Amino acid sequence: MARFLKEGISQEEKDDADAEVRKTVEGILDDIKARGDAALKDYSEKFDNWRPDKFRLSRVEIDGCYDQVTKQNIEDIKFAQSQVRGFAEIQKAALVDVEQETLPGVTLGHKNIPVNSVGCYVPGGKYPMVASAHMSVVTAKVAGVKRIIACAPPYEGNPSPAIVVAQDMAGADEIYCLGGVQAMGAMALGTEEISGVDMLVGPGNAYVAEAKRQLFGRVGIDLLAGPTETLIIADETVDGELCATDLLGQAEHGPTSPAILLTTSEELARETMKEVERQLKILPTGEVAGQAWDVYGQVIVCDSEEEMLFEADRIASEHVQVMTKDPDYFLNNMTNYGALFLGPETNVAYGDKVIGTNHTLPTKTAGRYTGGLWVGKFIKTHTYQRVTKEASVEVGKYCSRLCALEGFAGHKEQADIRLRRYAGINEG
């Protein structure tokens with residue numbers, strides 16, 4: 001049976017925190033509906049100390065951001081975007097239109113059509129999350145989205161030059177310096193300055209994720225991608241230093257980021273816990289990572305790989321790093337997760353920043369029913385049908401009887417009128 005050497009915050013405490021977030025977000029979105037740009041400016045000033053005349057950046061302002069980053073920065077962004085673009089193109093190639101004659105005279109098919117407009121959110125208040133621009137804007141561009149707008153909060157009192165450059169290089173059509181719930185509301189609801197979009201994508205904090213949840217239905221969303229989660233599955237083949245490094249490497253995202261160690265080795269578990277405390281004293285982001293570890297961190301010791309698999313699927317973490325003697329066991333058997341990182345040679349930071357897979361992934365156990373952001377999220381699959389007169393008669397007989405079975409008289413008449421016209425059959 002799984003044993004907890006360290007337990008995190010209780011589900012009841014999580015539920016209470018979520019309820020407070022829901023209430024706050026609902027109020028902000030209602031205010032944006034009522035007051036538009038005026039509300040955006042008030043919330044931007046309140047939360048980000050940022051109240052410009054216009055949130056949209058001009059071409060001159062965007063070009064000025066290039067002057068504030070180094071040539072090496074630009075080359076690194078270019079490399080990362082080429083990896084993301086390349087994998088997105090591979091994924092898009094797997095999406096094909098189909099058309100098939102399924103019965104004599106009956107042709108069915110589907111077309112893959114990109115969403116017309118998308119709003120891409122790039123977190124950046126605490127850290128300038130440059131990589132999120134690649135993940136959303138580049139992928140939407142590969143999908144063929146016609147209008148892509150990008151929002152990111154100010155960083156240290158101004159638009160983040162690195163984020164703006166990444167958004168521009170990725171191909172965003174409009175770039176706004178606007179963050180948080182107010183950005184999500186503006187992109188979904190539309191204001192005097194910002195025309196609304198059909199879909200919202202991108203990660204964010206608990207408030208951003210909740211805004212997406214409340215706005216879903218009015219617009220589409222990619223998924224609920226809230227505070228970062230990481231789960232490390234490890235055995236005696238690795239050491240505590242590596243496990244601690246990889247746990248804290250994700251816990252530094254914010255004070256509500258769960259970091260969990262799942263292992264069959266109690267020795268490794270205790271070594272990792274000691275290493276976490278040691279590294280927290282020297283890690284520059286140790287204060288934030290320490291809060292996350294203290295409140296949300298967990299250490300679970302299991303008796304077998306099978307038990308670790310069960311616990312891992314129950315947890316359904318956003319990131320799952322597997323460092324065991326047989327990582328493929330989890331690749332072949334796990335069903336609930338955002339993304340897998342197999343073996344000690346890789347790590348979540350590679351996926352977050354540069355390797356090419358998308359880092360916008362499901363959190364809060366959403367991996368039970370959805371995968372992460374990918375080119376297919378921006379593409380709608382629409383079906384169509386084409387039928388000859390002869391086939392309409394054949395299918396119509398079945399349709400008429402089945403509609404009668406269900407009591408749908410109007411549906412039945414849709415079939416019957418074609419039977420009368422194409423075959424002279426009176427079904428009554």
# chains A, B, ... in the order shown; residues from 1 in each chain; ligands from 1
>>> residues_around(residues="A:Ser82", least_positions_apart="4", cutoff="12 Å", atoms="only C-alpha atoms", output="PyMOL selection string")
chain A and resi 75-78+86-89+134-135+138-139+142+166+169-170+353-357
>>> write_last_selection(atoms="all heavy atoms", output="short mmCIF file (atom, residue, chain, number, x, y, z; two decimals), in the first residue's frame")
data_model
loop_
_atom_site.label_atom_id
_atom_site.label_comp_id
_atom_site.auth_asym_id
_atom_site.auth_seq_id
_atom_site.Cartn_x
_atom_site.Cartn_y
_atom_site.Cartn_z
N GLU A 75 18.57 34.35 -31.75
CA GLU A 75 18.92 33.05 -32.33
C GLU A 75 18.34 31.91 -31.50
O GLU A 75 17.89 30.90 -32.06
CB GLU A 75 20.45 32.92 -32.43
CG GLU A 75 21.07 33.77 -33.51
CD GLU A 75 20.49 33.50 -34.89
OE1 GLU A 75 20.38 32.29 -35.26
OE2 GLU A 75 20.10 34.45 -35.57
N ASP A 76 18.37 32.06 -30.18
CA ASP A 76 17.82 31.01 -29.32
C ASP A 76 16.30 30.89 -29.50
O ASP A 76 15.76 29.78 -29.55
CB ASP A 76 18.15 31.30 -27.86
CG ASP A 76 19.63 31.14 -27.56
OD1 ASP A 76 20.34 30.52 -28.38
OD2 ASP A 76 20.08 31.64 -26.51
N ILE A 77 15.63 32.02 -29.59
CA ILE A 77 14.18 32.01 -29.84
C ILE A 77 13.88 31.36 -31.19
O ILE A 77 12.97 30.54 -31.33
CB ILE A 77 13.60 33.44 -29.76
CG1 ILE A 77 13.65 33.95 -28.33
CG2 ILE A 77 12.18 33.48 -30.30
CD1 ILE A 77 13.32 35.42 -28.18
N LYS A 78 14.69 31.73 -32.18
CA LYS A 78 14.50 31.17 -33.52
C LYS A 78 14.66 29.65 -33.51
O LYS A 78 13.89 28.92 -34.12
CB LYS A 78 15.52 31.80 -34.48
CG LYS A 78 15.32 31.44 -35.95
CD LYS A 78 16.36 32.11 -36.83
CE LYS A 78 16.25 33.61 -36.77
NZ LYS A 78 17.23 34.28 -37.68
N GLY A 86 8.40 22.57 -36.32
CA GLY A 86 8.65 21.30 -37.00
C GLY A 86 7.78 20.18 -36.48
O GLY A 86 7.23 19.40 -37.26
N PHE A 87 7.63 20.09 -35.15
CA PHE A 87 6.81 19.02 -34.60
C PHE A 87 5.33 19.28 -34.89
O PHE A 87 4.57 18.33 -35.17
CB PHE A 87 7.04 18.87 -33.10
CG PHE A 87 6.40 17.65 -32.51
CD1 PHE A 87 6.73 16.39 -32.99
CD2 PHE A 87 5.47 17.75 -31.49
CE1 PHE A 87 6.13 15.25 -32.46
CE2 PHE A 87 4.88 16.61 -30.94
CZ PHE A 87 5.22 15.36 -31.43
N ALA A 88 4.91 20.55 -34.85
CA ALA A 88 3.52 20.88 -35.18
C ALA A 88 3.20 20.50 -36.63
O ALA A 88 2.10 20.02 -36.94
CB ALA A 88 3.25 22.36 -34.96
N GLU A 89 4.16 20.69 -37.53
CA GLU A 89 3.95 20.31 -38.93
C GLU A 89 3.84 18.80 -39.08
O GLU A 89 3.04 18.30 -39.89
CB GLU A 89 5.08 20.87 -39.79
CG GLU A 89 5.00 22.38 -39.97
CD GLU A 89 6.23 22.98 -40.63
OE1 GLU A 89 7.27 22.29 -40.70
OE2 GLU A 89 6.15 24.16 -41.05
N HIS A 134 5.92 30.63 -28.26
CA HIS A 134 6.16 29.62 -29.28
C HIS A 134 5.02 28.61 -29.30
O HIS A 134 4.52 28.23 -30.37
CB HIS A 134 7.45 28.82 -29.02
CG HIS A 134 8.60 29.60 -28.50
ND1 HIS A 134 8.83 30.93 -28.80
CD2 HIS A 134 9.63 29.21 -27.69
CE1 HIS A 134 9.93 31.31 -28.18
NE2 HIS A 134 10.44 30.30 -27.51
N MET A 135 4.66 28.15 -28.12
CA MET A 135 3.72 27.04 -28.01
C MET A 135 2.35 27.36 -28.57
O MET A 135 1.70 26.51 -29.18
CB MET A 135 3.58 26.62 -26.54
CG MET A 135 4.89 26.27 -25.86
SD MET A 135 5.74 24.88 -26.68
CE MET A 135 7.33 24.92 -25.84
N VAL A 138 3.00 29.95 -32.63
CA VAL A 138 3.59 29.15 -33.71
C VAL A 138 2.66 28.01 -34.11
O VAL A 138 2.42 27.75 -35.30
CB VAL A 138 4.97 28.59 -33.29
CG1 VAL A 138 5.45 27.53 -34.28
CG2 VAL A 138 6.00 29.71 -33.20
N THR A 139 2.10 27.34 -33.11
CA THR A 139 1.24 26.18 -33.39
C THR A 139 -0.05 26.62 -34.11
O THR A 139 -0.51 25.95 -35.04
CB THR A 139 0.90 25.44 -32.09
OG1 THR A 139 2.11 25.19 -31.37
CG2 THR A 139 0.24 24.11 -32.38
N VAL A 142 0.82 27.29 -37.75
CA VAL A 142 0.94 26.05 -38.53
C VAL A 142 -0.44 25.49 -38.87
O VAL A 142 -0.68 24.98 -39.97
CB VAL A 142 1.77 25.01 -37.76
CG1 VAL A 142 1.72 23.65 -38.46
CG2 VAL A 142 3.23 25.47 -37.64
N ALA A 166 9.36 37.33 -29.23
CA ALA A 166 8.93 35.95 -29.50
C ALA A 166 7.54 35.92 -30.13
O ALA A 166 7.29 35.16 -31.08
CB ALA A 166 8.95 35.13 -28.21
N MET A 169 8.01 37.16 -33.77
CA MET A 169 8.70 36.17 -34.59
C MET A 169 7.80 34.96 -34.86
O MET A 169 7.89 34.32 -35.92
CB MET A 169 9.99 35.73 -33.92
CG MET A 169 11.08 36.78 -33.90
SD MET A 169 12.54 36.27 -32.95
CE MET A 169 13.12 34.88 -33.91
N ALA A 170 6.94 34.65 -33.90
CA ALA A 170 6.04 33.51 -34.07
C ALA A 170 4.94 33.78 -35.08
O ALA A 170 4.36 32.85 -35.63
CB ALA A 170 5.42 33.14 -32.72
N LYS A 353 10.71 24.50 -22.73
CA LYS A 353 11.39 25.61 -23.40
C LYS A 353 11.77 25.38 -24.85
O LYS A 353 11.76 26.32 -25.65
CB LYS A 353 12.68 25.95 -22.62
CG LYS A 353 12.48 26.24 -21.14
CD LYS A 353 11.49 27.38 -20.91
CE LYS A 353 11.26 27.62 -19.43
NZ LYS A 353 10.18 28.60 -19.18
N VAL A 354 12.13 24.15 -25.25
CA VAL A 354 12.87 24.13 -26.51
C VAL A 354 12.75 22.87 -27.36
O VAL A 354 12.96 22.94 -28.56
CB VAL A 354 14.38 24.38 -26.20
CG1 VAL A 354 15.01 23.17 -25.52
CG2 VAL A 354 15.15 24.76 -27.45
N ILE A 355 12.40 21.73 -26.80
CA ILE A 355 12.59 20.49 -27.56
C ILE A 355 11.60 20.31 -28.71
O ILE A 355 11.88 19.63 -29.68
CB ILE A 355 12.58 19.27 -26.61
CG1 ILE A 355 13.44 18.14 -27.20
CG2 ILE A 355 11.15 18.82 -26.30
CD1 ILE A 355 13.78 17.05 -26.21
N GLY A 356 10.40 20.93 -28.58
CA GLY A 356 9.46 20.89 -29.70
C GLY A 356 8.07 20.40 -29.35
O GLY A 356 7.11 20.74 -30.05
N THR A 357 7.93 19.58 -28.31
CA THR A 357 6.59 19.22 -27.85
C THR A 357 5.97 20.43 -27.15
O THR A 357 6.68 21.29 -26.65
CB THR A 357 6.63 18.02 -26.89
OG1 THR A 357 7.60 18.29 -25.87
CG2 THR A 357 7.01 16.74 -27.63
#
>>> residues_around(residues="stretch 248-256 of chain A", least_positions_apart="6", cutoff="6 Å", atoms="only C-alpha atoms", output="ChimeraX atom specification")
/A:288-289,291-292
>>> residues_around(residues="stretch 47-57 of chain A", least_positions_apart="5", cutoff="8 Å", atoms="only C-alpha atoms", output="PyMOL selection string")
chain A and resi 41-42+62+125+153-154+157-158+174-179+193
>>> write_last_selection(atoms="N, CA and C atoms", output="PDB file, in the first residue's frame")
ATOM      1  N   LYS A  41      -8.465  48.919 -18.066  1.00  0.00           N
ATOM      2  CA  LYS A  41      -7.455  49.848 -17.568  1.00  0.00           C
ATOM      3  C   LYS A  41      -7.406  49.848 -16.039  1.00  0.00           C
ATOM      4  N   ASP A  42      -8.567  49.779 -15.423  1.00  0.00           N
ATOM      5  CA  ASP A  42      -8.598  49.767 -13.957  1.00  0.00           C
ATOM      6  C   ASP A  42      -7.935  48.515 -13.397  1.00  0.00           C
ATOM      7  N   ILE A  62       7.055  47.476 -31.122  1.00  0.00           N
ATOM      8  CA  ILE A  62       7.525  46.095 -31.305  1.00  0.00           C
ATOM      9  C   ILE A  62       8.968  46.087 -31.791  1.00  0.00           C
ATOM     10  N   GLY A 125       4.055  37.854 -15.675  1.00  0.00           N
ATOM     11  CA  GLY A 125       4.154  38.799 -14.566  1.00  0.00           C
ATOM     12  C   GLY A 125       5.292  38.477 -13.615  1.00  0.00           C
ATOM     13  N   PRO A 153       1.244  40.086 -19.837  1.00  0.00           N
ATOM     14  CA  PRO A 153       1.283  41.207 -18.892  1.00  0.00           C
ATOM     15  C   PRO A 153       2.607  41.945 -18.972  1.00  0.00           C
ATOM     16  N   PRO A 154       2.654  43.152 -18.430  1.00  0.00           N
ATOM     17  CA  PRO A 154       3.944  43.849 -18.360  1.00  0.00           C
ATOM     18  C   PRO A 154       4.881  43.122 -17.411  1.00  0.00           C
ATOM     19  N   GLY A 157       7.166  46.622 -15.121  1.00  0.00           N
ATOM     20  CA  GLY A 157       6.656  47.937 -15.485  1.00  0.00           C
ATOM     21  C   GLY A 157       6.573  48.269 -16.950  1.00  0.00           C
ATOM     22  N   ASN A 158       6.966  47.336 -17.820  1.00  0.00           N
ATOM     23  CA  ASN A 158       6.932  47.587 -19.259  1.00  0.00           C
ATOM     24  C   ASN A 158       6.635  46.291 -20.002  1.00  0.00           C
ATOM     25  N   GLU A 174      -1.637  40.632 -33.896  1.00  0.00           N
ATOM     26  CA  GLU A 174      -1.830  41.761 -32.985  1.00  0.00           C
ATOM     27  C   GLU A 174      -1.177  41.383 -31.652  1.00  0.00           C
ATOM     28  N   ILE A 175      -0.458  42.324 -31.053  1.00  0.00           N
ATOM     29  CA  ILE A 175       0.224  42.076 -29.781  1.00  0.00           C
ATOM     30  C   ILE A 175      -0.229  43.115 -28.764  1.00  0.00           C
ATOM     31  N   TYR A 176      -0.697  42.624 -27.615  1.00  0.00           N
ATOM     32  CA  TYR A 176      -1.190  43.502 -26.564  1.00  0.00           C
ATOM     33  C   TYR A 176      -0.397  43.267 -25.277  1.00  0.00           C
ATOM     34  N   CYS A 177      -0.109  44.349 -24.576  1.00  0.00           N
ATOM     35  CA  CYS A 177       0.509  44.237 -23.259  1.00  0.00           C
ATOM     36  C   CYS A 177      -0.607  44.320 -22.231  1.00  0.00           C
ATOM     37  N   LEU A 178      -1.144  43.166 -21.890  1.00  0.00           N
ATOM     38  CA  LEU A 178      -2.303  43.070 -21.007  1.00  0.00           C
ATOM     39  C   LEU A 178      -2.290  41.674 -20.389  1.00  0.00           C
ATOM     40  N   GLY A 179      -2.486  41.594 -19.085  1.00  0.00           N
ATOM     41  CA  GLY A 179      -2.340  40.302 -18.427  1.00  0.00           C
ATOM     42  C   GLY A 179      -3.553  39.865 -17.642  1.00  0.00           C
ATOM     43  N   GLU A 193     -11.403  48.462 -27.924  1.00  0.00           N
ATOM     44  CA  GLU A 193     -10.085  48.367 -28.558  1.00  0.00           C
ATOM     45  C   GLU A 193      -9.791  46.990 -29.123  1.00  0.00           C
TER      46      GLU A 193
END
>>> residues_around(residues="stretch 63-69 of chain A", least_positions_apart="2", cutoff="10 Å", atoms="only C-alpha atoms", output="list in words")
Leu57, Ser58, Arg59, Val60, Glu61, Lys71, Gln72, Asn73, Ile74, Pro159, Ser160, Pro161, Ala162, Ile163, Val164, Val165, Ala166 and Asp168 of chain A
>>> write_last_selection(atoms="N, CA, C and O atoms", output="mmCIF file, in the first residue's frame")
data_model
loop_
_atom_site.group_PDB
_atom_site.id
_atom_site.type_symbol
_atom_site.label_atom_id
_atom_site.label_comp_id
_atom_site.auth_asym_id
_atom_site.auth_seq_id
_atom_site.Cartn_x
_atom_site.Cartn_y
_atom_site.Cartn_z
ATOM 1 N N LEU A 57 0.374 47.089 -28.956
ATOM 2 C CA LEU A 57 1.676 47.662 -29.262
ATOM 3 C C LEU A 57 1.763 48.015 -30.739
ATOM 4 O O LEU A 57 1.343 47.239 -31.605
ATOM 5 N N SER A 58 2.320 49.181 -31.012
ATOM 6 C CA SER A 58 2.508 49.614 -32.394
ATOM 7 C C SER A 58 3.721 48.909 -32.999
ATOM 8 O O SER A 58 4.535 48.316 -32.294
ATOM 9 N N ARG A 59 3.844 49.026 -34.321
ATOM 10 C CA ARG A 59 4.998 48.436 -34.989
ATOM 11 C C ARG A 59 6.296 49.059 -34.471
ATOM 12 O O ARG A 59 7.308 48.360 -34.307
ATOM 13 N N VAL A 60 6.252 50.342 -34.183
ATOM 14 C CA VAL A 60 7.438 51.021 -33.660
ATOM 15 C C VAL A 60 7.811 50.447 -32.288
ATOM 16 O O VAL A 60 8.991 50.194 -32.001
ATOM 17 N N GLU A 61 6.812 50.238 -31.438
ATOM 18 C CA GLU A 61 7.081 49.682 -30.108
ATOM 19 C C GLU A 61 7.606 48.243 -30.205
ATOM 20 O O GLU A 61 8.508 47.844 -29.458
ATOM 21 N N LYS A 71 21.497 39.452 -29.860
ATOM 22 C CA LYS A 71 21.451 38.598 -31.047
ATOM 23 C C LYS A 71 21.354 37.135 -30.647
ATOM 24 O O LYS A 71 20.670 36.343 -31.317
ATOM 25 N N GLN A 72 22.034 36.789 -29.572
ATOM 26 C CA GLN A 72 21.964 35.397 -29.098
ATOM 27 C C GLN A 72 20.552 35.055 -28.637
ATOM 28 O O GLN A 72 20.055 33.954 -28.889
ATOM 29 N N ASN A 73 19.879 36.005 -27.961
ATOM 30 C CA ASN A 73 18.486 35.790 -27.568
ATOM 31 C C ASN A 73 17.623 35.471 -28.789
ATOM 32 O O ASN A 73 16.821 34.530 -28.780
ATOM 33 N N ILE A 74 17.816 36.267 -29.834
ATOM 34 C CA ILE A 74 17.015 36.086 -31.049
ATOM 35 C C ILE A 74 17.304 34.736 -31.699
ATOM 36 O O ILE A 74 16.391 34.023 -32.142
ATOM 37 N N PRO A 159 6.270 46.401 -21.284
ATOM 38 C CA PRO A 159 6.155 45.169 -22.067
ATOM 39 C C PRO A 159 7.481 44.416 -22.033
ATOM 40 O O PRO A 159 8.550 45.025 -22.158
ATOM 41 N N SER A 160 7.418 43.103 -21.836
ATOM 42 C CA SER A 160 8.639 42.304 -21.802
ATOM 43 C C SER A 160 9.231 42.236 -23.202
ATOM 44 O O SER A 160 8.602 41.683 -24.123
ATOM 45 N N PRO A 161 10.428 42.798 -23.408
ATOM 46 C CA PRO A 161 11.006 42.780 -24.762
ATOM 47 C C PRO A 161 11.131 41.366 -25.333
ATOM 48 O O PRO A 161 10.827 41.139 -26.505
ATOM 49 N N ALA A 162 11.557 40.418 -24.516
ATOM 50 C CA ALA A 162 11.760 39.058 -25.010
ATOM 51 C C ALA A 162 10.442 38.419 -25.423
ATOM 52 O O ALA A 162 10.363 37.736 -26.463
ATOM 53 N N ILE A 163 9.394 38.623 -24.627
ATOM 54 C CA ILE A 163 8.089 38.063 -24.987
ATOM 55 C C ILE A 163 7.571 38.689 -26.263
ATOM 56 O O ILE A 163 7.081 38.003 -27.172
ATOM 57 N N VAL A 164 7.664 39.999 -26.368
ATOM 58 C CA VAL A 164 7.166 40.694 -27.560
ATOM 59 C C VAL A 164 7.902 40.207 -28.805
ATOM 60 O O VAL A 164 7.287 39.934 -29.849
ATOM 61 N N VAL A 165 9.215 40.081 -28.712
ATOM 62 C CA VAL A 165 9.997 39.592 -29.846
ATOM 63 C C VAL A 165 9.550 38.180 -30.215
ATOM 64 O O VAL A 165 9.365 37.858 -31.397
ATOM 65 N N ALA A 166 9.356 37.326 -29.228
ATOM 66 C CA ALA A 166 8.929 35.950 -29.499
ATOM 67 C C ALA A 166 7.539 35.917 -30.130
ATOM 68 O O ALA A 166 7.292 35.158 -31.078
ATOM 69 N N ASP A 168 6.167 38.251 -31.916
ATOM 70 C CA ASP A 168 6.279 38.785 -33.278
ATOM 71 C C ASP A 168 6.936 37.770 -34.216
ATOM 72 O O ASP A 168 6.453 37.545 -35.334
#
>>> select_by_dssp(residues="stretch 51-231 of chain A", states="alpha helix (DSSP H)", output="VMD selection string")
chain A and resid 59 to 66 71 to 93 130 to 133 139 to 143 161 to 170 180 to 189 206 to 215
>>> select_by_dssp(residues="stretch 44-276 of chain A", states="strand (DSSP E or B)", output="compact mmCIF listing (two decimals) with C-alpha atoms, in the first residue's frame")
# COMPACT_ATOMS: atom_id res chain seq x y z
CA ARG A 56 -1.97 47.15 -28.41
CA VAL A 98 -11.39 11.90 -45.83
CA GLU A 99 -14.10 10.96 -48.33
CA GLN A 100 -15.45 7.45 -48.80
CA GLU A 101 -18.39 5.74 -50.49
CA THR A 102 -19.79 3.78 -47.54
CA LEU A 103 -22.80 2.32 -49.39
CA VAL A 106 -23.64 7.24 -50.24
CA THR A 107 -20.51 9.38 -49.90
CA LEU A 108 -19.39 10.54 -46.46
CA GLY A 109 -16.43 12.70 -45.59
CA HIS A 110 -14.88 15.21 -43.26
CA LYS A 111 -12.87 18.38 -43.70
CA ASN A 112 -10.35 19.79 -41.24
CA ILE A 113 -10.91 23.55 -40.98
CA PRO A 114 -8.80 25.93 -38.84
CA SER A 117 -9.40 33.67 -34.75
CA VAL A 118 -7.46 32.79 -31.62
CA GLY A 119 -6.28 34.66 -28.55
CA CYS A 120 -2.95 33.39 -27.20
CA TYR A 121 -2.11 34.14 -23.58
CA ARG A 147 -6.13 35.99 -37.03
CA ILE A 148 -3.87 35.40 -34.05
CA ILE A 149 -3.71 37.91 -31.22
CA ALA A 150 -1.33 37.61 -28.29
CA CYS A 151 -1.54 39.04 -24.79
CA ALA A 152 1.11 39.13 -22.07
CA TYR A 155 7.18 42.70 -16.78
CA ASN A 158 6.93 47.59 -19.26
CA GLU A 174 -1.83 41.76 -32.98
CA ILE A 175 0.22 42.08 -29.78
CA TYR A 176 -1.19 43.50 -26.56
CA CYS A 177 0.51 44.24 -23.26
CA MET A 199 -10.87 30.57 -29.05
CA LEU A 200 -8.54 31.15 -26.08
CA VAL A 201 -5.33 29.19 -25.56
CA PHE A 216 -15.81 28.39 -22.22
CA VAL A 219 -15.46 30.90 -26.89
CA GLY A 220 -13.57 27.66 -27.28
CA ILE A 221 -10.57 26.88 -25.12
CA THR A 230 5.14 17.81 -11.76
CA LEU A 231 5.31 14.16 -10.80
CA ILE A 232 8.57 12.24 -10.65
CA ILE A 233 8.38 8.46 -10.81
CA ALA A 234 11.74 7.06 -9.71
CA ALA A 259 5.66 18.71 -6.94
CA ILE A 260 5.35 15.01 -6.12
CA LEU A 261 7.85 12.17 -5.82
CA LEU A 262 6.53 8.65 -6.38
CA THR A 263 9.05 5.90 -5.70
>>> residues_around(residues="A:Asn358", least_positions_apart="4", cutoff="7 Å", atoms="only C-alpha atoms", output="PyMOL selection string")
chain A and resi 135+351+373-374
>>> write_last_selection(atoms="N, CA, C and O atoms", output="compact mmCIF listing (two decimals), in the first residue's frame")
# COMPACT_ATOMS: atom_id res chain seq x y z
N MET A 135 4.66 28.15 -28.12
CA MET A 135 3.72 27.04 -28.01
C MET A 135 2.35 27.36 -28.57
O MET A 135 1.70 26.51 -29.18
N GLY A 351 11.00 20.14 -22.34
CA GLY A 351 9.68 20.28 -22.93
C GLY A 351 9.11 21.67 -22.76
O GLY A 351 8.42 22.18 -23.64
N LEU A 373 -2.13 21.04 -25.57
CA LEU A 373 -2.28 21.85 -26.77
C LEU A 373 -1.43 21.28 -27.89
O LEU A 373 -0.28 20.90 -27.68
N TRP A 374 -2.01 21.18 -29.07
CA TRP A 374 -1.28 20.74 -30.25
C TRP A 374 -1.99 21.32 -31.46
O TRP A 374 -3.03 21.96 -31.35
>>> closest_residue(among="A:Met273, A:Gly424, A:Ala206, A:Pro227", to="A:Val21", atoms="only C-alpha atoms")
A:Ala206
>>> closest_residue(among="A:Asp222, A:Asp235, A:Glu406, A:Glu394", to="A:Ala366", atoms="only C-alpha atoms")
A:Asp222
>>> atom_distance(atom1="atom CA of A:Lys141", atom2="atom CA of A:Gly372")
17.0 Å
